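Student: Provided below: final19.csv, containing CSV, C-alpha atoms.
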```
chain,number,residue,atom,x,y,z
A,1,MET,CA,97.1,-256.5,-5.4
A,2,ARG,CA,95.7,-260.1,-5.6
A,3,THR,CA,99.3,-261.4,-5.6
A,4,LEU,CA,99.9,-259.5,-2.4
A,5,ILE,CA,96.8,-261.1,-0.7
A,6,ALA,CA,97.7,-264.5,-1.9
A,7,GLY,CA,101.2,-264.1,-0.6
A,8,ILE,CA,100.0,-263.1,2.8
A,9,PHE,CA,97.9,-266.2,3.0
A,10,LEU,CA,100.7,-268.4,1.7
A,11,LEU,CA,103.2,-267.0,4.1
A,12,GLY,CA,100.7,-266.5,7.0
A,13,TYR,CA,98.8,-269.8,7.0
A,14,GLY,CA,101.7,-271.6,5.2
A,15,THR,CA,103.8,-271.1,8.4
A,16,PHE,CA,101.7,-273.9,10.0
A,17,ALA,CA,101.9,-276.0,6.9
A,18,VAL,CA,103.2,-281.1,13.5
A,19,ALA,CA,105.0,-287.6,19.6
A,20,GLN,CA,103.4,-289.7,21.3
A,21,SER,CA,103.4,-287.4,24.3
A,22,PRO,CA,100.2,-285.6,25.5
A,23,PRO,CA,99.3,-282.8,23.1
A,24,PRO,CA,100.1,-279.2,24.3
A,25,MET,CA,97.4,-277.0,25.7
A,26,VAL,CA,97.0,-275.0,22.6
A,27,GLU,CA,96.0,-277.9,20.4
A,28,LYS,CA,92.5,-278.3,21.6
A,29,PHE,CA,91.8,-274.6,20.8
A,30,LEU,CA,93.4,-275.0,17.4
A,31,HIS,CA,91.3,-278.1,16.6
A,32,SER,CA,88.1,-276.5,17.9
A,33,GLY,CA,88.8,-273.2,16.0
A,34,GLU,CA,88.4,-271.3,19.3
A,35,PHE,CA,91.4,-269.1,18.7
A,36,LEU,CA,90.3,-266.1,20.7
A,37,LYS,CA,89.2,-268.3,23.7
A,38,GLY,CA,92.6,-270.1,23.5
A,39,GLU,CA,94.4,-266.8,23.5
A,40,GLN,CA,92.6,-265.7,26.6
A,41,HIS,CA,93.2,-269.1,28.3
A,42,LEU,CA,97.0,-269.1,27.5
A,43,GLU,CA,97.4,-265.5,28.6
A,44,HIS,CA,95.8,-266.5,32.0
A,45,ILE,CA,98.2,-269.5,32.2
A,46,LEU,CA,101.2,-267.3,31.5
A,47,ALA,CA,100.2,-264.8,34.1
A,48,GLU,CA,100.5,-267.6,36.7
A,49,GLN,CA,103.4,-269.4,35.0
A,50,PRO,CA,105.5,-266.8,33.3
A,51,LYS,CA,108.3,-269.3,32.4
A,52,ASN,CA,105.9,-271.7,30.6
A,53,ASP,CA,107.3,-271.4,27.1
A,54,GLU,CA,105.2,-274.2,25.7
A,55,ALA,CA,102.1,-272.0,26.5
A,56,ARG,CA,103.9,-269.0,25.1
A,57,PHE,CA,104.6,-270.7,21.8
A,58,GLY,CA,101.0,-271.8,21.6
A,59,LEU,CA,99.9,-268.2,22.3
A,60,GLY,CA,102.1,-266.9,19.5
A,61,VAL,CA,100.6,-269.5,17.1
A,62,LEU,CA,97.1,-268.4,18.0
A,63,GLN,CA,97.8,-264.7,17.7
A,64,LEU,CA,99.3,-265.3,14.3
A,65,LEU,CA,96.3,-267.3,13.1
A,66,LEU,CA,93.9,-264.7,14.6
A,67,ALA,CA,95.7,-261.9,12.7
A,68,VAL,CA,95.5,-263.7,9.3
A,69,GLU,CA,92.0,-265.0,9.9
A,70,LYS,CA,90.8,-261.5,10.8
A,71,PHE,CA,92.3,-260.2,7.6
A,72,GLY,CA,90.5,-263.0,5.7
A,73,GLN,CA,87.2,-262.2,7.3
A,74,ALA,CA,87.6,-258.5,6.4
A,75,LEU,CA,88.2,-259.4,2.8
A,76,TYR,CA,85.1,-261.6,2.8
A,77,GLU,CA,83.1,-258.7,4.3
A,78,HIS,CA,84.2,-256.6,1.3
A,79,GLY,CA,83.3,-259.2,-1.2
A,80,LEU,CA,86.8,-260.5,-2.3
A,81,LYS,CA,86.2,-262.8,-5.3
A,82,SER,CA,87.8,-266.2,-5.6
A,83,ASP,CA,88.4,-267.7,-9.0
A,84,GLN,CA,90.7,-270.0,-11.0
A,85,ASP,CA,93.6,-267.5,-10.8
A,86,PHE,CA,93.1,-266.9,-7.1
A,87,PRO,CA,92.6,-270.3,-5.4
A,88,ILE,CA,92.0,-269.2,-1.8
A,89,PRO,CA,88.5,-270.5,-1.2
A,90,PHE,CA,86.6,-267.4,-0.1
A,91,PRO,CA,82.8,-267.9,0.1
A,92,LYS,CA,80.7,-265.5,-1.9
A,93,ASN,CA,79.3,-262.7,0.2
A,94,PRO,CA,75.7,-262.1,-0.9
A,95,ASP,CA,75.8,-258.6,0.6
A,96,PRO,CA,79.3,-257.2,0.5
A,97,ALA,CA,80.4,-253.9,1.9
A,98,THR,CA,82.0,-251.3,-0.4
A,99,MET,CA,85.7,-251.5,-0.8
A,100,ARG,CA,87.8,-248.4,-1.1
A,101,TYR,CA,91.5,-247.9,-1.3
A,102,ALA,CA,91.7,-246.2,2.1
A,103,ILE,CA,89.8,-249.2,3.6
A,104,PHE,CA,92.2,-251.7,2.0
A,105,ARG,CA,95.2,-249.8,3.5
A,106,GLN,CA,93.6,-250.0,6.9
A,107,LEU,CA,93.1,-253.7,6.6
A,108,LEU,CA,96.8,-254.2,5.8
A,109,GLU,CA,97.7,-252.0,8.8
A,110,ASP,CA,95.5,-254.0,11.1
A,111,LEU,CA,97.1,-257.2,9.8
A,112,ARG,CA,100.6,-255.7,10.5
A,113,LEU,CA,99.6,-254.9,14.1
A,114,GLY,CA,98.4,-258.5,14.6
A,115,LEU,CA,101.7,-259.9,13.2
A,116,GLU,CA,103.6,-257.5,15.4
A,117,ARG,CA,101.8,-258.8,18.5
A,118,ALA,CA,102.5,-262.4,17.6
A,119,GLU,CA,106.2,-261.7,17.0
A,120,LYS,CA,106.6,-260.1,20.4
A,121,THR,CA,105.1,-263.2,22.0
A,122,PHE,CA,107.5,-265.5,20.2
A,123,ALA,CA,110.4,-263.2,21.1
A,124,GLU,CA,109.8,-263.8,24.8
A,125,ILE,CA,110.5,-267.5,24.5
A,126,GLN,CA,113.8,-268.3,26.4
A,127,ASP,CA,113.8,-272.1,26.8
A,128,GLU,CA,116.3,-273.5,24.3
A,129,LYS,CA,114.8,-276.9,24.7
A,130,VAL,CA,111.2,-275.9,24.0
A,131,LYS,CA,109.3,-278.5,21.9
A,132,VAL,CA,105.7,-278.2,20.8
A,133,PRO,CA,104.2,-281.1,18.8
A,134,LEU,CA,101.1,-279.9,16.8
A,135,ARG,CA,98.8,-281.8,14.5
A,136,LEU,CA,98.0,-279.2,11.9
A,137,ALA,CA,95.9,-280.8,9.2
A,138,ALA,CA,92.4,-280.4,10.7
A,139,ILE,CA,92.8,-276.8,12.1
A,140,PRO,CA,89.6,-275.1,10.9
A,141,LEU,CA,89.8,-271.6,9.5
A,142,HIS,CA,86.9,-269.1,9.5
A,143,LEU,CA,87.0,-266.9,6.3
A,144,ASP,CA,83.5,-265.5,6.5
A,145,SER,CA,81.1,-264.2,9.1
A,146,SER,CA,79.0,-267.3,9.7
A,147,GLY,CA,81.0,-268.5,12.7
A,148,LYS,CA,81.4,-271.9,11.0
A,149,PRO,CA,84.7,-273.2,9.5
A,150,THR,CA,85.0,-272.6,5.8
A,151,VAL,CA,88.2,-274.6,5.2
A,152,GLN,CA,90.7,-276.7,7.0
A,153,LEU,CA,94.3,-275.7,7.1
A,154,LEU,CA,95.6,-278.7,5.1
A,155,GLU,CA,92.9,-278.1,2.5
A,156,LEU,CA,93.9,-274.5,2.1
A,157,CYS,CA,97.6,-275.5,1.8
A,158,ARG,CA,96.7,-278.0,-0.9
A,159,LYS,CA,94.9,-275.3,-2.9
A,160,LEU,CA,97.8,-272.9,-2.6
A,161,ASN,CA,100.2,-275.8,-3.5
A,162,GLY,CA,98.1,-276.9,-6.5
A,163,GLY,CA,97.6,-280.4,-5.2
A,164,ARG,CA,98.3,-282.9,-2.4
A,165,PHE,CA,101.6,-283.1,-0.6
A,166,GLN,CA,103.9,-286.1,-0.6
A,167,PHE,CA,104.0,-286.2,3.2
A,168,GLU,CA,100.3,-286.9,3.5
A,169,LYS,CA,100.8,-290.7,3.0
A,170,GLU,CA,103.0,-291.1,6.0
A,171,ASN,CA,101.8,-288.2,8.1
A,172,PRO,CA,98.1,-287.5,7.3
A,173,GLU,CA,97.6,-285.5,10.5
A,174,PHE,CA,100.4,-283.2,9.4
A,175,LEU,CA,102.3,-283.6,12.8
A,176,VAL,CA,105.1,-281.2,13.3
A,177,CYS,CA,107.3,-281.0,16.4
A,178,PHE,CA,108.3,-277.3,16.6
A,179,ASP,CA,111.4,-276.4,18.5
A,180,ARG,CA,113.7,-273.5,19.4
A,181,GLY,CA,114.9,-273.0,15.8
A,182,ASP,CA,111.3,-272.7,14.6
A,183,VAL,CA,110.7,-270.0,17.2
A,184,ALA,CA,113.2,-267.8,15.3
A,185,TRP,CA,111.7,-268.9,12.0
A,186,PHE,CA,108.2,-267.8,13.0
A,187,ARG,CA,109.6,-264.5,14.2
A,188,ALA,CA,111.5,-264.0,10.9
A,189,TYR,CA,108.3,-264.6,8.9
A,190,CYS,CA,106.3,-262.1,11.0
A,191,HIS,CA,109.0,-259.5,10.3
A,192,LEU,CA,109.0,-260.4,6.6
A,193,LEU,CA,105.2,-260.0,6.3
A,194,GLU,CA,105.4,-256.7,8.3
A,195,ALA,CA,108.2,-255.5,6.0
A,196,ILE,CA,106.1,-256.3,2.9
A,197,ILE,CA,103.1,-254.4,4.3
A,198,ASP,CA,105.1,-251.4,5.3
A,199,VAL,CA,106.7,-251.0,1.9
A,200,VAL,CA,103.4,-251.4,0.2
A,201,LEU,CA,101.8,-248.7,2.4
A,202,THR,CA,104.8,-246.4,2.0
A,203,PHE,CA,103.8,-245.5,-1.6
A,204,ASP,CA,100.6,-244.0,-3.2
A,205,GLY,CA,99.2,-247.1,-4.9
A,206,GLU,CA,95.7,-245.8,-5.4
A,207,ALA,CA,95.8,-245.6,-9.2
A,208,ASP,CA,97.2,-249.2,-9.4
A,209,PHE,CA,94.5,-250.3,-7.0
A,210,ASP,CA,91.8,-248.7,-9.0
A,211,ALA,CA,93.0,-250.6,-12.1
A,212,THR,CA,92.5,-254.0,-10.5
A,213,ALA,CA,90.1,-253.7,-7.6
A,214,SER,CA,86.9,-253.8,-9.6
A,215,SER,CA,87.8,-257.3,-10.8
A,216,SER,CA,88.8,-258.4,-7.3
A,217,PHE,CA,86.0,-257.0,-5.1
A,218,ALA,CA,82.2,-257.3,-5.7
A,219,LYS,CA,81.7,-253.6,-4.8
A,220,TYR,CA,84.6,-251.2,-5.3
A,221,GLN,CA,84.2,-247.4,-5.2
A,222,SER,CA,86.9,-245.1,-6.4
A,223,ARG,CA,87.1,-241.6,-5.3
A,224,PHE,CA,87.8,-240.6,-8.9
A,225,THR,CA,85.3,-240.0,-11.6
A,226,ALA,CA,85.2,-242.4,-14.7
A,227,ALA,CA,86.8,-239.7,-16.8
A,228,GLU,CA,89.6,-239.2,-14.3
A,229,LEU,CA,90.2,-242.9,-14.1
A,230,GLN,CA,90.4,-243.1,-17.9
A,231,GLU,CA,93.0,-240.3,-17.9
A,232,LYS,CA,95.0,-241.9,-15.1
A,233,ALA,CA,95.0,-245.2,-17.0
A,234,LYS,CA,96.4,-243.4,-20.0
A,235,ASN,CA,99.2,-241.7,-18.0
A,236,ARG,CA,100.0,-244.4,-15.5
A,237,ASN,CA,103.7,-245.4,-15.3
A,238,PHE,CA,104.2,-247.3,-12.1
A,239,SER,CA,107.7,-248.5,-13.0
A,240,THR,CA,109.2,-245.0,-13.3
A,241,LYS,CA,107.6,-242.8,-10.7
A,242,LEU,CA,106.7,-243.4,-7.1
A,243,ILE,CA,105.1,-241.0,-4.6
A,244,LEU,CA,105.7,-241.6,-0.9
A,245,VAL,CA,102.7,-241.0,1.3
A,246,GLU,CA,104.0,-242.5,4.5
A,247,PRO,CA,107.8,-242.3,4.2
A,248,LYS,CA,108.5,-243.2,7.8
A,249,ARG,CA,107.4,-246.8,7.0
A,250,LEU,CA,110.6,-247.3,5.0
A,251,SER,CA,112.6,-247.1,8.3
A,252,ARG,CA,110.4,-249.9,9.7
A,253,PHE,CA,110.8,-251.8,6.5
A,254,ARG,CA,114.6,-251.6,6.9
A,255,LEU,CA,114.6,-252.7,10.5
A,256,HIS,CA,112.2,-255.6,9.8
A,257,LEU,CA,114.5,-256.9,7.1
A,258,ILE,CA,117.6,-256.6,9.4
A,259,GLN,CA,115.7,-258.8,11.9
A,260,VAL,CA,114.9,-261.3,9.1
A,261,ALA,CA,118.6,-261.6,8.4
A,262,LYS,CA,119.6,-261.9,12.0
A,263,LEU,CA,116.8,-264.4,12.8
A,264,ASN,CA,117.8,-266.6,9.9
A,265,HIS,CA,121.2,-266.9,11.5
A,266,GLU,CA,119.5,-267.7,14.8
A,267,THR,CA,117.2,-270.2,13.2
A,268,TRP,CA,120.0,-272.3,11.6
A,269,LYS,CA,122.2,-272.1,14.6
A,270,PHE,CA,119.7,-273.9,16.7
A,271,VAL,CA,118.6,-276.3,13.8
A,272,ARG,CA,122.2,-277.3,13.1
A,273,ALA,CA,122.7,-278.1,16.8
A,274,GLU,CA,119.8,-280.6,16.9
A,275,THR,CA,120.5,-284.3,17.4
A,276,ASP,CA,117.0,-285.7,17.4
A,277,ASN,CA,114.9,-286.6,14.3
A,278,ASP,CA,111.3,-286.1,15.2
A,279,HIS,CA,108.9,-284.6,12.7
A,280,GLU,CA,111.1,-281.7,12.0
A,281,TRP,CA,109.8,-278.5,10.4
A,282,LEU,CA,113.3,-277.3,9.4
A,283,PRO,CA,115.8,-280.2,9.4
A,284,ASN,CA,119.5,-280.0,9.4
A,285,SER,CA,121.6,-282.1,7.0
A,286,LYS,CA,121.3,-285.2,9.2
A,287,GLN,CA,117.6,-285.0,9.8
A,288,LYS,CA,114.4,-285.7,7.8
A,289,GLY,CA,111.9,-282.9,7.5
A,290,VAL,CA,108.1,-283.3,7.5
A,291,LEU,CA,107.9,-281.7,4.0
A,292,GLY,CA,110.4,-284.2,2.6
A,293,LEU,CA,112.7,-281.4,1.3
A,294,ALA,CA,116.4,-282.3,1.8
A,295,VAL,CA,118.8,-279.7,3.3
A,296,GLN,CA,122.5,-279.8,2.9
A,297,ASP,CA,125.1,-277.7,4.9
A,298,GLN,CA,126.2,-276.0,1.7
A,299,MET,CA,122.6,-274.7,1.1
A,300,ILE,CA,122.5,-273.3,4.6
A,301,ASP,CA,125.9,-271.7,4.3
A,302,SER,CA,124.9,-270.0,1.0
A,303,TRP,CA,121.7,-268.8,2.4
A,304,LEU,CA,123.3,-267.3,5.5
A,305,ALA,CA,126.0,-265.6,3.4
A,306,CYS,CA,123.2,-264.0,1.4
A,307,MET,CA,121.5,-262.9,4.7
A,308,SER,CA,124.8,-261.4,5.9
A,309,GLU,CA,125.1,-259.3,2.7
A,310,LEU,CA,121.5,-258.2,3.1
A,311,GLN,CA,122.2,-257.0,6.7
A,312,ASP,CA,125.4,-255.2,5.7
A,313,VAL,CA,123.7,-253.2,2.9
A,314,LEU,CA,120.7,-252.4,5.1
A,315,GLU,CA,123.1,-251.2,7.9
A,316,GLY,CA,125.0,-248.9,5.5
A,317,LYS,CA,128.2,-251.0,5.7
A,318,LYS,CA,128.1,-251.7,2.0
A,319,THR,CA,126.7,-249.9,-1.0
A,320,PHE,CA,123.9,-250.9,-3.3
A,321,VAL,CA,125.5,-251.3,-5.8
A,322,ALA,CA,128.4,-249.3,-7.1
A,323,SER,CA,129.3,-251.8,-9.7
A,324,PHE,CA,126.3,-251.0,-11.9
A,325,LEU,CA,124.4,-248.2,-10.1
A,326,SER,CA,126.9,-245.5,-9.2
A,327,ARG,CA,127.3,-241.7,-9.1
A,328,LYS,CA,130.7,-240.2,-9.2
A,329,GLY,CA,132.3,-243.5,-8.2
A,330,LYS,CA,129.9,-243.9,-5.2
A,331,GLY,CA,127.1,-246.4,-4.6
A,332,ILE,CA,123.7,-245.9,-2.9
A,333,ASN,CA,123.7,-245.9,0.9
A,334,LEU,CA,120.5,-247.8,1.4
A,335,LYS,CA,120.4,-247.1,5.1
A,336,VAL,CA,120.2,-243.3,4.5
A,337,LEU,CA,117.8,-243.7,1.6
A,338,LEU,CA,115.3,-245.7,3.7
A,339,GLU,CA,115.7,-243.6,6.9
A,340,ASP,CA,115.4,-240.3,5.1
A,341,PRO,CA,113.9,-240.8,1.6
A,342,PRO,CA,112.9,-238.2,-0.9
A,343,LEU,CA,109.2,-237.9,-1.2
A,344,SER,CA,109.1,-238.9,-4.9
A,345,TRP,CA,111.2,-241.2,-6.9
A,346,ASP,CA,111.2,-240.4,-10.6
A,347,PHE,CA,113.1,-243.0,-12.5
A,348,ASN,CA,112.3,-241.2,-15.8
A,349,LYS,CA,115.3,-239.0,-15.0
A,350,ALA,CA,118.5,-239.8,-16.7
A,351,GLN,CA,120.8,-242.4,-15.0
A,352,THR,CA,120.9,-241.7,-11.3
A,353,ASP,CA,119.5,-238.2,-11.3
A,354,TRP,CA,116.4,-239.4,-9.6
A,355,LEU,CA,118.5,-239.4,-6.4
A,356,PRO,CA,120.5,-236.1,-6.6
A,357,ASP,CA,121.3,-235.5,-3.0
A,358,GLU,CA,124.9,-236.4,-2.1
A,359,LYS,CA,123.9,-237.8,1.3
A,360,TYR,CA,122.4,-240.9,-0.5
A,361,TRP,CA,125.8,-241.8,-2.0
A,362,MET,CA,128.9,-243.2,-0.3
A,363,LYS,CA,132.2,-244.9,-1.0
A,364,ALA,CA,132.2,-248.3,0.6
A,365,PRO,CA,132.6,-252.0,-0.4
A,366,ASP,CA,130.0,-253.1,-2.9
A,367,LEU,CA,127.3,-255.6,-2.0
A,368,ASN,CA,128.5,-259.0,-2.9
A,369,LEU,CA,126.1,-260.0,-5.7
A,370,ALA,CA,127.9,-263.3,-6.1
A,371,ALA,CA,126.5,-264.4,-2.7
A,372,PHE,CA,123.0,-263.6,-3.8
A,373,PHE,CA,123.4,-265.5,-7.1
A,374,GLN,CA,124.9,-268.5,-5.2
A,375,ALA,CA,121.9,-268.5,-2.9
A,376,LEU,CA,119.6,-268.4,-5.8
A,377,GLN,CA,121.3,-271.4,-7.4
A,378,ILE,CA,120.3,-273.6,-4.4
A,379,PHE,CA,116.7,-273.0,-5.4
A,380,ASN,CA,117.4,-273.6,-9.1
A,381,ASN,CA,115.3,-276.8,-9.3
A,382,PRO,CA,111.6,-277.8,-9.8
A,383,MET,CA,111.1,-277.3,-6.1
A,384,GLY,CA,112.9,-273.9,-6.0
A,385,VAL,CA,109.9,-271.8,-5.1
A,386,ALA,CA,108.9,-274.1,-2.3
A,387,TYR,CA,112.5,-274.1,-0.9
A,388,ALA,CA,112.8,-270.3,-1.0
A,389,ALA,CA,109.4,-269.8,0.7
A,390,TRP,CA,110.3,-272.5,3.3
A,391,PHE,CA,113.8,-271.0,4.1
A,392,ASN,CA,112.2,-267.5,4.3
```
Can I see the file as structure tokens?
Tutor:
Amino acid sequence: MRTLIAGIFLLGYGTFAVAQSPPPMVEKFLHSGEFLKGEQHLEHILAEQPKNDEARFGLGVLQLLLAVEKFGQALYEHGLKSDQDFPIPFPKNPDPATMRYAIFRQLLEDLRLGLERAEKTFAEIQDEKVKVPLRLAAIPLHLDSSGKPTVQLLELCRKLNGGRFQFEKENPEFLVCFDRGDVAWFRAYCHLLEAIIDVVLTFDGEADFDATASSSFAKYQSRFTAAELQEKAKNRNFSTKLILVEPKRLSRFRLHLIQVAKLNHETWKFVRAETDNDHEWLPNSKQKGVLGLAVQDQMIDSWLACMSELQDVLEGKKTFVASFLSRKGKGINLKVLLEDPPLSWDFNKAQTDWLPDEKYWMKAPDLNLAAFFQALQIFNNPMGVAYAAWFN
């Protein structure tokens, strides 16, 4: 559960982790921490200037920050603990509200709705030459209810990174010039986070949550008695049996991941076409990126081949995966499984009997696992995790 929360902050705030021209309108609201006021102002601007994609990009950034900040404030309200293993600097709440599993599920759903709103704003950007330079380092974040900033964006990124970044020497303001390729990148990350939330909320994770929540939240209340919890702990087997409580979310999960695959292709199409070299967030092979991570065409090709395989298997064009998971010579049709899943998945059953209905199996080309292994190899270095998170 803590890994999920940390991942949301890493992927949510980390997406901002920007030119000598005048700063865009959104920057003053970012630096003052007035995200809601900025959202209202830019919505007013867009009502009068519907083709102003610089304002629209700024609005998407604010909506994304608002969604993650609201999630952080809700976690503070319920007394989330910060420690050595969980480096996000949450202030200690002296009077926390009681956390329950149902409340946590609702917090995740509220975050998903906020991400959905931001993605729809980014999706309306049409200008292929849009360029928005932003200085990100000093953006204040409000993770408690005091109304005062608790941490600046660069400080939070350092904590998640485990230290300072190389780029800070040359670019202390963390200036990034976002452009059209980055629009698709932001959209893909919104879809990725929504997919993670939807798949988590698909299943009944209450027993697992009970096992960890008391060490994560100051006041956690289970709906089970102590004796029931002890019995559940004795019989828990999360790796072998899953109960679906909101199965329709798996359909959204599938569609989100298809969008992630498509938007990765869109991202790199625009990035590869760039000829400038100005504080790039995602550089092509001839540019220098702000983060200092080099990109070669072979890396992009391998990554996009992996995305194409992912899209094919999610659209039911390929099986997952007949070579080592098969039934009567057929592989799993992941599209059918995610669109119309059984309400419980019991992996205790022998071989593939956990999925007995023939509709889940089909004869089709196998997923090309070699493409996935090749993509993984491009991240097989000391910076591999950073590359993978950055590529999305």
Student: Which residue is closest to Glu54 in chain A? Choose from A:Ser32, A:Gln298, A:Gln126, A:Asn277 and count all atoms listed in the file.
Tutor: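 Using all atoms listed in the file, Glu54 in chain A sits closest to A:Gln126.
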Student: Please, what distance in Å, to one decimal, runs between CA of Trp268 in chain A and CA of Gly289 in chain A?
Tutor: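 Going from CA of Trp268 in chain A over to CA of Gly289 in chain A, I get 14.0 Å.
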Student: Which residue is closest to Phe35 in chain A? Choose from A:Gly58, A:Pro94, A:Gly79, A:Pro283 and count all atoms listed in the file.
Tutor: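 Checking each candidate against Phe35 in chain A, we get A:Gly58 as the closest.
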Student: Which one of A:Arg327, A:Gly205, A:Ala188, A:Lys286 sits closest to Met307 in chain A if you count all atoms listed in the file?
Tutor: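 Smallest distance to Met307 in chain A is found for A:Ala188.
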Student: Calculate how many Å separate CA of Gly114 in chain A from CA of Asp198 in chain A, rounding to one decimal.
Tutor: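 It comes out at 13.5 Å.
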Student: Determine, using all atoms listed in the file, which residues of range 278-331 of chain A have any atom at most 10 Å from an atom of range 357-362 of chain A, and tabulate each with its shortest atom pair and distance in Å to one decimal place, rows ordered by chain and then rising number, as a Markdown table.
Tutor:
```
| residue | atom | partner | partner_atom | distance |
| --- | --- | --- | --- | --- |
| A:Gly316 | CA | A:Met362 | CA | 9.0 |
| A:Lys317 | CA | A:Met362 | CA | 9.9 |
| A:Lys318 | CA | A:Met362 | CA | 8.8 |
| A:Thr319 | CA | A:Met362 | CA | 7.1 |
| A:Phe320 | CA | A:Trp361 | CA | 9.4 |
| A:Ala322 | CA | A:Met362 | CA | 9.1 |
| A:Ser326 | CA | A:Trp361 | CA | 8.2 |
| A:Arg327 | CA | A:Trp361 | CA | 7.3 |
| A:Lys328 | CA | A:Trp361 | CA | 8.9 |
| A:Gly329 | CA | A:Met362 | CA | 8.6 |
| A:Lys330 | CA | A:Met362 | CA | 5.0 |
| A:Gly331 | CA | A:Trp361 | CA | 5.4 |
```
Student: What gap, in Å, lies between CA of Leu242 in chain A and CA of Phe203 in chain A?
Tutor: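 Taking CA of Leu242 in chain A as the start and CA of Phe203 in chain A as the end point, the length is 6.6 Å.
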Student: Which one is closest to Asn392 in chain A: A:Gln221, A:Thr267, A:Ser308, A:Thr121? Count all atoms listed in the file.
Tutor: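 The answer is A:Thr267, which sits nearest to Asn392 in chain A.
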Student: Taking into account all atoms listed in the file, which residue in the set A:Leu115, A:Leu376, A:Ala218, A:Leu153 is nearest to Leu193 in chain A?
Tutor: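 Going through A:Leu115, A:Leu376, A:Ala218, A:Leu153 one by one, the smallest distance to Leu193 in chain A is for A:Leu115.
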Student: Using only C-alpha atoms, which protein or nucleic acid residues come within 9 Å of Glu266 in chain A? Drop anything in the same chain fewer than 3 positions from it, and give the result as an NGL selection string.
Tutor: :A and (181 or 184-185 or 261-263 or 269-271)
Student: Nearest to Pro149 in chain A: which of A:Ile300, A:Leu64, A:Pro22, A:Phe90 is it, counting only C-alpha atoms?
Tutor: A:Phe90
Student: So which residues touch Ala195 in chain A within 12 Å, counting only C-alpha atoms, skipping near sequence neighbours fewer than 4 positions away, as a list in words?
Tutor: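 Near neighbours after the sequence-gap exclusion: Ile8, Leu108, Glu109, Leu111, Arg112, Leu113, Leu115, Glu116, Ala188, Tyr189, Cys190, His191, Val199, Val200, Leu201, Thr202, Arg249, Leu250, Ser251, Arg252, Phe253, Arg254, Leu255, His256, Leu257, Ile258, Gln259 and Val260 of chain A.
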Student: Please provide as a PDB file with C-alpha atoms, in the frame of the given file all residues within 8 Å of Phe186 in chain A, with the sequence filter that same-chain residues fewer than 4 positions apart are discarded (counting all atoms listed in the file).
Tutor:
```
ATOM      1  CA  THR A  15     103.800-271.100   8.400  1.00  0.00           C
ATOM      2  CA  GLU A 119     106.200-261.700  17.000  1.00  0.00           C
ATOM      3  CA  PHE A 122     107.500-265.500  20.200  1.00  0.00           C
ATOM      4  CA  ASP A 182     111.300-272.700  14.600  1.00  0.00           C
ATOM      5  CA  CYS A 190     106.300-262.100  11.000  1.00  0.00           C
TER       6      CYS A 190
END
```
